[in-house]
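Text of protein-v8.csv (CSV, C-alpha atoms) as supplied:
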```
chain,number,residue,atom,x,y,z
Q,13,MET,CA,153.3,55.6,292.4
Q,14,SER,CA,151.0,52.9,293.7
Q,15,ASP,CA,152.1,50.7,296.7
Q,16,VAL,CA,149.9,47.7,295.8
Q,17,PHE,CA,152.4,46.1,293.4
Q,18,MET,CA,155.1,43.7,294.6
Q,19,ASN,CA,158.5,45.3,294.5
Q,20,THR,CA,159.8,43.5,291.4
Q,21,TYR,CA,160.7,46.3,289.1
Q,22,GLY,CA,162.9,49.4,289.4
Q,23,ARG,CA,160.2,51.6,288.0
Q,24,LEU,CA,160.9,55.0,286.7
Q,25,PRO,CA,158.8,57.9,288.0
Q,26,VAL,CA,156.2,58.2,285.2
Q,27,THR,CA,152.7,56.7,284.6
Q,28,PHE,CA,151.4,56.6,281.0
Q,29,ASN,CA,147.8,56.7,279.9
Q,30,ARG,CA,147.9,56.8,276.1
Q,31,GLY,CA,150.2,56.4,273.1
Q,32,GLU,CA,150.3,57.5,269.5
Q,33,GLY,CA,152.8,56.0,267.0
Q,34,ALA,CA,156.3,56.3,268.5
Q,35,TRP,CA,155.1,58.5,271.4
Q,36,LEU,CA,153.8,57.9,274.9
Q,37,PHE,CA,151.9,60.4,277.0
Q,38,ASP,CA,151.8,60.5,280.8
Q,39,THR,CA,148.9,61.3,283.1
Q,40,ALA,CA,150.1,65.0,283.1
Q,41,GLY,CA,150.0,65.2,279.3
Q,42,LYS,CA,153.7,65.3,278.8
Q,43,LYS,CA,155.1,63.4,275.8
Q,44,TYR,CA,158.0,60.9,275.5
Q,45,LEU,CA,159.6,59.5,272.4
Q,46,ASP,CA,159.6,55.7,272.8
Q,47,PHE,CA,162.9,54.0,272.0
Q,48,THR,CA,161.8,50.9,273.9
Q,49,ALA,CA,158.6,49.6,272.2
Q,50,GLY,CA,157.8,47.9,275.4
Q,51,ILE,CA,161.0,45.9,275.2
Q,52,ALA,CA,160.4,45.0,271.5
Q,53,VAL,CA,156.7,44.3,272.0
Q,54,ASN,CA,155.0,47.3,270.4
Q,55,CYS,CA,156.6,46.7,267.1
Q,56,LEU,CA,154.0,48.7,265.2
Q,57,GLY,CA,154.0,51.5,267.8
Q,58,HIS,CA,151.1,52.6,269.9
Q,59,ASN,CA,147.5,52.9,268.8
Q,60,TYR,CA,148.3,51.5,265.3
Q,61,PRO,CA,144.9,51.9,263.5
Q,62,PRO,CA,144.7,48.5,261.8
Q,63,LEU,CA,145.7,46.8,265.0
Q,64,VAL,CA,143.2,48.6,267.1
Q,65,LYS,CA,140.5,47.8,264.5
Q,66,ALA,CA,141.3,44.1,264.4
Q,67,ILE,CA,141.4,43.8,268.2
Q,68,SER,CA,138.2,45.7,268.7
Q,69,GLU,CA,136.3,43.7,266.0
Q,70,GLN,CA,137.6,40.4,267.4
Q,71,ALA,CA,136.7,41.3,271.0
Q,72,ALA,CA,133.2,42.0,269.8
Q,73,LYS,CA,132.9,38.5,268.3
Q,74,LEU,CA,134.9,36.1,270.4
Q,75,CYS,CA,137.5,36.7,273.1
Q,76,HIS,CA,138.4,33.1,274.2
Q,77,VAL,CA,137.6,29.5,273.4
Q,78,CYS,CA,139.0,26.5,275.2
Q,79,ASN,CA,141.6,24.5,273.3
Q,80,TYR,CA,139.3,21.5,273.0
Q,81,TYR,CA,138.1,23.5,270.0
Q,82,LEU,CA,139.6,25.8,267.3
Q,83,SER,CA,138.6,29.3,266.4
Q,84,ASP,CA,138.6,30.6,262.9
Q,85,VAL,CA,141.0,33.5,263.6
Q,86,SER,CA,143.5,31.3,265.5
Q,87,VAL,CA,143.6,28.9,262.6
Q,88,ALA,CA,144.2,31.8,260.2
Q,89,PHE,CA,147.0,33.2,262.4
Q,90,ALA,CA,148.7,29.8,262.8
Q,91,GLU,CA,148.7,29.2,259.1
Q,92,ALA,CA,150.0,32.7,258.4
Q,93,LEU,CA,152.8,32.3,260.9
Q,94,ILE,CA,153.9,29.0,259.5
Q,95,ALA,CA,153.9,30.6,256.0
Q,96,ALA,CA,156.0,33.5,257.3
Q,97,CYS,CA,158.5,31.1,258.8
Q,98,ALA,CA,158.5,28.6,255.9
Q,99,GLY,CA,161.8,29.9,254.6
Q,100,ALA,CA,163.4,28.8,257.9
Q,101,GLY,CA,161.9,25.3,257.4
Q,102,MET,CA,159.2,25.6,260.0
Q,103,LYS,CA,156.3,23.1,259.6
Q,104,LYS,CA,154.1,23.1,262.7
Q,105,LEU,CA,153.6,25.2,265.8
Q,106,PHE,CA,152.2,25.4,269.4
Q,107,LEU,CA,150.7,28.7,270.4
Q,108,ALA,CA,151.5,30.1,273.9
Q,109,ASN,CA,151.3,33.4,275.8
Q,110,SER,CA,154.9,34.4,276.4
Q,111,GLY,CA,158.5,33.9,275.6
Q,112,ALA,CA,159.2,31.9,278.8
Q,113,GLU,CA,156.3,29.6,278.0
Q,114,ALA,CA,157.5,29.2,274.5
Q,115,ASN,CA,161.0,28.3,275.6
Q,116,GLU,CA,159.7,25.8,278.2
Q,117,GLY,CA,157.8,24.2,275.3
Q,118,ALA,CA,160.9,24.0,273.2
Q,119,CYS,CA,162.9,22.4,276.0
Q,120,LYS,CA,160.2,19.8,276.4
Q,121,ILE,CA,160.2,19.0,272.7
Q,122,ALA,CA,164.0,18.6,272.7
Q,123,ARG,CA,164.0,16.3,275.7
Q,124,LYS,CA,161.1,14.1,274.4
Q,125,TYR,CA,162.7,13.9,270.9
Q,126,SER,CA,165.9,12.6,272.4
Q,127,LEU,CA,164.2,10.3,275.0
Q,128,VAL,CA,162.0,8.6,272.4
Q,129,LYS,CA,164.9,8.1,269.9
Q,130,TYR,CA,167.9,7.4,272.2
Q,131,GLY,CA,166.5,6.6,275.7
Q,132,LYS,CA,167.2,8.1,279.0
Q,133,GLY,CA,170.3,10.2,279.9
Q,134,ARG,CA,170.4,12.3,276.8
Q,135,HIS,CA,168.5,15.3,278.2
Q,136,THR,CA,171.1,18.1,278.7
Q,137,ILE,CA,170.4,21.4,276.9
Q,138,VAL,CA,173.4,23.7,276.2
Q,139,THR,CA,173.0,27.5,276.2
Q,140,LEU,CA,175.4,30.4,276.1
Q,141,ARG,CA,176.8,32.5,278.9
Q,142,GLY,CA,175.1,35.9,278.7
Q,143,SER,CA,171.9,34.4,277.5
Q,144,PHE,CA,168.4,35.2,278.7
Q,145,HIS,CA,165.6,32.7,278.2
Q,146,GLY,CA,162.9,33.6,280.7
Q,147,ARG,CA,161.9,34.0,284.4
Q,148,THR,CA,160.3,30.6,285.2
Q,149,ILE,CA,162.4,28.2,287.2
Q,150,THR,CA,163.3,26.1,284.1
Q,151,THR,CA,164.0,29.1,281.8
Q,152,LEU,CA,166.1,30.7,284.5
Q,153,SER,CA,168.0,27.4,284.6
Q,154,ALA,CA,168.6,27.9,280.9
Q,155,THR,CA,169.7,31.5,281.4
Q,156,GLY,CA,173.5,31.9,281.4
Q,157,GLN,CA,173.7,34.9,283.8
Q,158,GLU,CA,174.5,34.1,287.4
Q,159,HIS,CA,172.9,37.2,288.9
Q,160,PHE,CA,169.5,35.9,287.8
Q,161,HIS,CA,170.0,32.7,289.7
Q,162,LYS,CA,170.2,33.9,293.3
Q,163,ASP,CA,167.5,33.1,295.8
Q,164,PHE,CA,165.3,30.7,293.8
Q,165,GLY,CA,167.0,27.4,293.8
Q,166,PRO,CA,167.0,24.5,293.5
Q,167,TYR,CA,166.8,24.8,289.7
Q,168,THR,CA,165.8,22.4,287.0
Q,169,GLU,CA,168.9,20.3,286.3
Q,170,GLY,CA,170.3,19.5,282.9
Q,171,PHE,CA,171.5,22.8,281.6
Q,172,VAL,CA,175.1,23.6,280.6
Q,173,PHE,CA,176.6,27.0,279.7
Q,174,VAL,CA,179.4,27.7,277.2
Q,175,PRO,CA,180.9,31.0,276.1
Q,176,GLY,CA,179.6,32.5,272.8
Q,177,GLY,CA,182.0,32.5,269.9
Q,178,ASP,CA,184.1,29.6,271.1
Q,179,ILE,CA,183.5,26.8,268.6
Q,180,ALA,CA,185.9,24.4,270.4
Q,181,ALA,CA,184.0,24.8,273.7
Q,182,LEU,CA,180.7,24.3,271.9
Q,183,ASP,CA,182.1,21.2,270.1
Q,184,LYS,CA,183.2,19.7,273.4
Q,185,ALA,CA,179.9,20.6,275.2
Q,186,LEU,CA,177.6,19.1,272.5
Q,187,ASP,CA,178.2,15.5,273.6
Q,188,PRO,CA,175.8,13.2,271.6
Q,189,LYS,CA,175.6,10.8,274.5
Q,190,THR,CA,174.1,13.4,276.9
Q,191,VAL,CA,172.8,16.5,275.0
Q,192,ALA,CA,169.4,16.9,273.5
Q,193,GLY,CA,169.5,20.5,272.3
Q,194,PHE,CA,171.5,23.7,271.8
Q,195,MET,CA,169.5,26.9,272.5
Q,196,VAL,CA,170.9,30.1,271.2
Q,197,GLU,CA,169.9,33.8,270.6
Q,198,ALA,CA,171.3,35.0,267.3
Q,199,VAL,CA,171.6,38.4,269.0
Q,200,GLN,CA,171.8,38.4,272.8
Q,201,GLY,CA,169.5,41.2,274.0
Q,202,GLU,CA,169.5,41.4,277.8
Q,203,SER,CA,173.3,41.1,278.1
Q,204,GLY,CA,174.2,44.0,275.7
Q,205,ILE,CA,173.0,43.4,272.1
Q,206,THR,CA,175.7,40.9,271.3
Q,207,PRO,CA,175.3,39.2,267.8
Q,208,GLN,CA,176.8,35.8,267.2
Q,209,SER,CA,179.1,35.5,264.3
Q,210,GLN,CA,178.2,33.7,261.1
Q,211,GLU,CA,181.1,31.3,261.6
Q,212,TYR,CA,179.9,30.4,265.0
Q,213,LEU,CA,176.3,29.7,264.1
Q,214,ASP,CA,177.3,27.8,261.0
Q,215,ALA,CA,179.5,25.6,263.1
Q,216,ALA,CA,176.7,25.1,265.6
Q,217,ALA,CA,174.3,24.1,262.9
Q,218,LYS,CA,176.8,21.6,261.4
Q,219,ILE,CA,177.6,20.0,264.8
Q,220,CYS,CA,174.0,19.7,265.8
Q,221,ALA,CA,173.0,18.2,262.5
Q,222,GLU,CA,175.8,15.6,262.6
Q,223,ARG,CA,175.0,14.6,266.1
Q,224,ASP,CA,171.2,14.7,265.9
Q,225,ILE,CA,171.0,17.4,268.6
Q,226,LEU,CA,168.1,19.8,268.1
Q,227,LEU,CA,169.2,23.4,267.2
Q,228,MET,CA,166.9,25.8,269.0
Q,229,PHE,CA,166.8,29.5,268.1
Q,230,ASP,CA,165.3,31.7,270.9
Q,231,GLU,CA,163.8,34.5,268.7
Q,232,ILE,CA,161.8,36.0,271.5
Q,233,GLN,CA,163.5,39.4,271.0
Q,234,THR,CA,165.2,39.0,267.6
Q,235,GLY,CA,162.1,37.6,265.8
Q,236,VAL,CA,159.2,39.2,264.0
Q,237,GLY,CA,161.4,41.5,261.9
Q,238,ARG,CA,163.5,43.0,264.7
Q,239,THR,CA,166.8,42.3,263.0
Q,240,GLY,CA,165.7,43.1,259.5
Q,241,THR,CA,164.6,39.6,258.4
Q,242,PHE,CA,161.4,38.1,259.8
Q,243,LEU,CA,163.5,35.6,261.7
Q,244,ALA,CA,167.1,36.4,262.7
Q,245,CYS,CA,168.1,32.8,261.7
Q,246,GLU,CA,167.1,33.7,258.1
Q,247,GLY,CA,169.6,36.5,258.1
Q,248,TYR,CA,172.3,33.8,258.9
Q,249,GLY,CA,170.9,31.4,256.3
Q,250,ILE,CA,170.2,28.8,259.0
Q,251,LYS,CA,167.2,26.5,259.4
Q,252,PRO,CA,166.9,25.5,263.0
Q,253,ASP,CA,164.9,22.5,264.3
Q,254,LEU,CA,163.0,24.8,266.8
Q,255,VAL,CA,162.2,28.5,266.9
Q,256,THR,CA,160.5,30.4,269.7
Q,257,LEU,CA,158.7,33.7,269.3
Q,258,ALA,CA,156.8,36.1,271.5
Q,259,LYS,CA,157.2,39.9,272.3
Q,260,GLY,CA,156.2,41.6,269.0
Q,261,LEU,CA,154.3,38.7,267.7
Q,262,ALA,CA,150.9,40.3,268.4
Q,263,GLY,CA,152.0,43.9,268.6
Q,264,GLY,CA,151.2,44.4,272.3
Q,265,ILE,CA,148.7,41.6,273.0
Q,266,PRO,CA,150.4,38.6,274.9
Q,267,ALA,CA,151.3,35.9,272.5
Q,268,GLY,CA,154.0,33.3,272.1
Q,269,ALA,CA,154.8,30.3,269.8
Q,270,VAL,CA,157.1,27.3,269.5
Q,271,LEU,CA,157.7,26.4,265.8
Q,272,ALA,CA,159.2,23.2,264.7
Q,273,GLY,CA,160.9,22.0,261.5
Q,274,GLU,CA,160.5,18.6,259.9
Q,275,LYS,CA,162.6,16.7,262.5
Q,276,ALA,CA,160.6,18.0,265.6
Q,277,ALA,CA,157.2,18.7,264.1
Q,278,ASP,CA,155.4,15.7,265.5
Q,279,VAL,CA,157.2,15.2,268.8
Q,280,PHE,CA,154.3,16.6,270.9
Q,281,GLN,CA,151.3,14.2,271.0
Q,282,ARG,CA,148.0,14.5,272.7
Q,283,GLY,CA,148.3,15.5,276.4
Q,284,ASP,CA,152.0,16.3,276.1
Q,285,HIS,CA,151.6,20.1,276.5
Q,286,GLY,CA,148.9,22.8,276.9
Q,287,SER,CA,148.1,26.4,277.6
Q,288,THR,CA,144.8,27.8,278.7
Q,289,PHE,CA,145.2,31.1,276.9
Q,290,GLY,CA,147.5,29.9,274.1
Q,291,GLY,CA,145.9,30.6,270.7
Q,292,ASN,CA,143.6,33.3,272.1
Q,293,PRO,CA,141.4,34.7,269.3
Q,294,VAL,CA,142.1,38.4,270.2
Q,295,ALA,CA,145.9,37.6,270.1
Q,296,GLY,CA,145.4,35.8,266.8
Q,297,ALA,CA,143.6,38.8,265.3
Q,298,ALA,CA,146.3,41.1,266.4
Q,299,GLY,CA,149.0,38.7,265.2
Q,300,LEU,CA,147.5,38.6,261.7
Q,301,VAL,CA,147.9,42.4,261.4
Q,302,VAL,CA,151.5,42.1,262.5
Q,303,LEU,CA,152.2,39.4,260.0
Q,304,GLU,CA,150.5,41.2,257.2
Q,305,THR,CA,152.6,44.3,257.9
Q,306,VAL,CA,156.0,43.0,259.0
Q,307,THR,CA,156.5,40.2,256.4
Q,308,LYS,CA,156.5,42.7,253.4
Q,309,PRO,CA,160.0,42.8,252.0
Q,310,GLU,CA,160.0,46.6,251.7
Q,311,PHE,CA,159.0,46.9,255.4
Q,312,LEU,CA,161.8,44.6,256.5
Q,313,LYS,CA,164.2,46.6,254.4
Q,314,GLU,CA,163.2,49.8,256.2
Q,315,ILE,CA,163.9,48.2,259.6
Q,316,GLY,CA,167.5,47.5,258.5
Q,317,ARG,CA,167.9,51.0,257.1
Q,318,LYS,CA,166.5,52.7,260.2
Q,319,GLY,CA,168.8,50.7,262.4
Q,320,ASN,CA,171.8,51.5,260.3
Q,321,LYS,CA,170.8,55.2,260.4
Q,322,ILE,CA,170.8,55.2,264.2
Q,323,ALA,CA,174.1,53.3,264.6
Q,324,GLU,CA,175.9,55.4,262.0
Q,325,ALA,CA,174.7,58.7,263.6
Q,326,ILE,CA,175.9,57.7,267.0
Q,327,THR,CA,179.2,56.5,265.6
Q,328,GLY,CA,179.6,59.8,263.8
Q,329,TRP,CA,179.5,61.7,267.0
Q,330,LYS,CA,182.7,60.2,268.3
Q,331,HIS,CA,181.4,61.0,271.7
Q,332,PRO,CA,183.9,60.5,274.5
Q,333,LYS,CA,181.3,58.7,276.7
Q,334,VAL,CA,180.5,56.1,273.9
Q,335,THR,CA,183.0,53.2,273.7
Q,336,ALA,CA,181.2,50.8,271.3
Q,337,ILE,CA,178.0,50.3,269.3
Q,338,ARG,CA,176.5,46.9,268.3
Q,339,GLN,CA,173.5,46.8,266.0
Q,340,LYS,CA,171.4,44.4,263.9
Q,341,GLY,CA,168.3,45.9,262.4
Q,342,LEU,CA,166.5,47.9,265.1
Q,343,MET,CA,168.4,46.2,268.0
Q,344,ILE,CA,171.0,48.7,269.1
Q,345,GLY,CA,173.4,48.5,272.0
Q,346,VAL,CA,175.6,51.5,273.0
Q,347,ASP,CA,178.4,50.9,275.5
Q,348,LEU,CA,179.3,53.9,277.7
Q,349,THR,CA,182.1,54.9,280.0
Q,350,ILE,CA,179.4,55.8,282.6
Q,351,ASP,CA,176.5,54.0,284.3
Q,352,ALA,CA,173.6,53.8,281.9
Q,353,HIS,CA,170.6,53.8,284.4
Q,354,PRO,CA,170.9,57.5,285.4
Q,355,LEU,CA,170.4,58.4,281.7
Q,356,LEU,CA,167.0,56.6,281.7
Q,357,GLU,CA,166.0,58.8,284.7
Q,358,ALA,CA,167.4,61.9,282.9
Q,359,GLY,CA,165.4,61.0,279.8
Q,360,ILE,CA,162.2,61.0,281.9
Q,361,ALA,CA,163.2,64.2,283.6
Q,362,GLN,CA,163.6,66.0,280.2
Q,363,ALA,CA,159.8,66.0,279.9
Q,364,GLN,CA,159.5,68.0,283.1
Q,365,SER,CA,161.5,70.8,281.6
Q,366,GLY,CA,159.1,71.3,278.7
Q,367,SER,CA,160.9,69.3,276.0
Q,368,PRO,CA,159.9,65.8,275.0
Q,369,GLY,CA,161.3,63.0,277.1
Q,370,LEU,CA,163.2,60.0,275.8
Q,371,LEU,CA,162.4,56.4,276.8
Q,372,MET,CA,165.4,54.0,276.7
Q,373,LEU,CA,166.5,50.6,278.1
Q,374,THR,CA,169.7,49.3,279.6
Q,375,ALA,CA,171.4,46.0,278.9
Q,376,GLY,CA,174.0,45.7,281.7
Q,377,ALA,CA,175.3,48.5,283.9
Q,378,LYS,CA,177.0,50.5,281.2
Q,379,THR,CA,175.0,49.7,278.0
Q,380,LEU,CA,172.0,51.6,276.6
Q,381,ARG,CA,169.6,49.4,274.6
Q,382,PHE,CA,167.4,50.8,271.9
Q,383,LEU,CA,164.4,48.8,270.4
Q,384,PRO,CA,162.3,51.5,268.7
Q,385,PRO,CA,159.0,50.6,267.1
Q,386,PHE,CA,159.3,49.7,263.4
Q,387,ILE,CA,157.0,52.6,262.3
Q,388,ILE,CA,159.3,55.3,263.8
Q,389,SER,CA,159.9,58.0,261.2
Q,390,ASP,CA,163.3,59.4,260.1
Q,391,ALA,CA,162.3,62.8,261.7
Q,392,GLU,CA,161.5,61.0,265.0
Q,393,ILE,CA,164.8,59.2,264.9
Q,394,ASP,CA,166.6,62.5,264.4
Q,395,GLN,CA,164.7,64.0,267.3
Q,396,GLY,CA,165.5,61.1,269.5
Q,397,LEU,CA,169.1,61.2,268.6
Q,398,GLY,CA,169.2,64.9,269.4
Q,399,LEU,CA,167.7,64.2,272.8
Q,400,LEU,CA,170.2,61.4,273.4
Q,401,LYS,CA,173.1,63.6,272.5
Q,402,SER,CA,172.0,66.3,274.9
Q,403,LEU,CA,171.8,63.8,277.7
Q,404,LEU,CA,175.3,62.5,277.0
Q,405,ASP,CA,176.6,66.0,276.8
```
Would you put the structure from the file into structure tokens?
Amino acid sequence: MSDVFMNTYGRLPVTFNRGEGAWLFDTAGKKYLDFTAGIAVNCLGHNYPPLVKAISEQAAKLCHVCNYYLSDVSVAFAEALIAACAGAGMKKLFLANSGAEANEGACKIARKYSLVKYGKGRHTIVTLRGSFHGRTITTLSATGQEHFHKDFGPYTEGFVFVPGGDIAALDKALDPKTVAGFMVEAVQGESGITPQSQEYLDAAAKICAERDILLMFDEIQTGVGRTGTFLACEGYGIKPDLVTLAKGLAGGIPAGAVLAGEKAADVFQRGDHGSTFGGNPVAGAAGLVVLETVTKPEFLKEIGRKGNKIAEAITGWKHPKVTAIRQKGLMIGVDLTIDAHPLLEAGIAQAQSGSPGLLMLTAGAKTLRFLPPFIISDAEIDQGLGLLKSLLD
């Protein structure tokens, strides 16, 4: 392990140097089945041939151009992304680099929309307890988990948290005199893979529409097919005013986006926002491959089937250490009676004994989180489940 990095991560004792499909290989040549996909980033797995080809060819032509100008590939990517999100009512977008940056942009749009239309004082953004919206000062302010808030204050003011599922609390918090937007994850990822109910999101959409409060879906982790529809909001039949995307958007190349429906499409004007690397041509080339692959109905159907397969298998074990399973598409949370982190270490250690290792995530102290690449095969799922069961046993 190198000592030149700041001590920001609880890194596991392994260093990777290559990947192939759903597998990663360490510097000693040992192999690990990847149930993390880089926290939902490597949606097409590792070394996906069309993605490698597109990135290589674009890098040989044009890596970057300043946003005074357009590049052909960024235009193609933006148009394809809007087309992919047209069913959710999206009309225009801003290209960024990350989820936090995308969420910052969405907050700016909500506040400017409200300021221009209603004047000062209507700038609060409501989010849920247990939410996670990013690591910048403002997106930490929007994150409804207290343990993320220590040490870095003062924070950006104007954020209010409410409990998920409580329609009465949301109704009270969405005061049309003070609130500009409601930001929500259809499935909370970092706090345990917690889906919101249809009833709750329907109520939120209705209240926001009636009070002209922008409905903002943070789809950083749930978007790009992860829940079995291209956008999670589509699975709920909801058309938000704003959608944010990142993680799997370019299959492993940094990319993010803020998408706006009709109401918010023209809020940003010249000079209101910017991003040096947003709309990068290499990211655009990679994103086009992701969109071409993931938007196919049969591909999305397979994501749902594979997620159901994993959840049903674990449920069928009736394992005494498993207390609950929550799943939507290939987002799976498994609650345990024991601390989850030692299982991550044990999954790495498996590879030292000669068998493949298993790479997993946590989402809270006692929840395992699985976000496998979409291209994982049934045989690989069965192999990973076998490795998981041996660890639990």
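With distances restricted to all atoms listed in the file, Q:Gln362 is the closest residue to Leu399 (chain Q) from Q:Thr155, Q:Gln362, Q:Ala298, Q:Leu380.
Counting from CA of Ala71 (chain Q), the distance to CA of Cys97 (chain Q) is 27.0 Å.
The smallest atom-to-atom distance between Gly341 (chain Q) and any of Q:Pro368, Q:Tyr80, Q:Asp394, Q:Arg238, using all atoms listed in the file, is found for Q:Arg238.
Residues surrounding Val306 (chain Q) within 9 Å are Cys55, Leu56, Val236, Gly237, Phe242, Val301, Phe311, Leu312 and Phe386 of chain Q [all atoms listed in the file; sequence separation below 5 positions excluded].
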List as a Markdown table every residue of region 60-151 of chain Q that is in contact with region 214-227 of chain Q, defined as an atom at most 9 Å from one of its atoms (using all atoms listed in the file), together with the nearest atom pair and the distance in Å rounded to one decimal, sorted by chain and then rising number.
```
| residue | atom | partner | partner_atom | distance |
| --- | --- | --- | --- | --- |
| Q:Ala122 | CA | Q:Leu226 | CA | 6.3 |
| Q:Tyr125 | CA | Q:Leu226 | CA | 8.5 |
| Q:Ser126 | CA | Q:Ile225 | CA | 8.0 |
```
- prompt: With only C-alpha atoms as the atoms that count, which of Q:Asn115, Q:Asn54, Q:Glu246, Q:Pro188 lies nearest to Ala96 (chain Q)?
  reply: Q:Glu246
Close residues, Asp390 (chain Q) itself excluded, 10 Å, all atoms listed in the file, min 4 positions apart in chain, as an mmCIF file with C-alpha atoms, in the coordinates of the input:
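This is the output file out-v8.cif:
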```cif
data_model
loop_
_atom_site.group_PDB
_atom_site.id
_atom_site.type_symbol
_atom_site.label_atom_id
_atom_site.label_comp_id
_atom_site.auth_asym_id
_atom_site.auth_seq_id
_atom_site.Cartn_x
_atom_site.Cartn_y
_atom_site.Cartn_z
ATOM 1 C CA LYS Q 318 166.500 52.700 260.200
ATOM 2 C CA LYS Q 321 170.800 55.200 260.400
ATOM 3 C CA ILE Q 322 170.800 55.200 264.200
ATOM 4 C CA ASP Q 394 166.600 62.500 264.400
ATOM 5 C CA GLN Q 395 164.700 64.000 267.300
ATOM 6 C CA GLY Q 396 165.500 61.100 269.500
#
```
task: Determine, counting all atoms listed in the file, which protein, DNA and RNA residues have an atom within 8 Å of an atom of Gly291 (chain Q); residues of the same chain fewer than 3 positions away are not included. Present the result as a PyMOL selection string.
output: chain Q and resi 79+86+107-109+267+295-296
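Using all atoms listed in the file, the shortest contact distance between Pro25 (chain Q) and any of Q:Ala40, Q:Glu310, Q:Arg282, Q:Glu357 is found at Q:Glu357.
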statement: Pairwise distance, CA of Arg381 (chain Q) with CA of Leu257 (chain Q), equals 19.8 Å
message: When you look at Glu274 (chain Q) with a cut-off of 9 Å (counting all atoms listed in the file), what residues show up, excluding the ones that are within fewer than 3 positions of it in the same chain? I need them as number ranges by chain.
response: Q: 101-104, 253, 277-278
- prompt: What is the distance, in Å and to one decimal place, between CA of Ala154 (chain Q) and CA of Ala377 (chain Q)?
  reply: 21.9 Å
message: When you look at Gly156 (chain Q) with a cut-off of 7 Å (counting only C-alpha atoms), what residues show up, excluding the ones that are within fewer than 4 positions of it in the same chain? I need them as a PyMOL selection string.
response: chain Q and resi 139-144+173
From Q:Gly299, Q:Gly366, Q:Gly283, Q:Gly345, residue lying nearest Val85 (chain Q) [only C-alpha atoms]: Q:Gly299
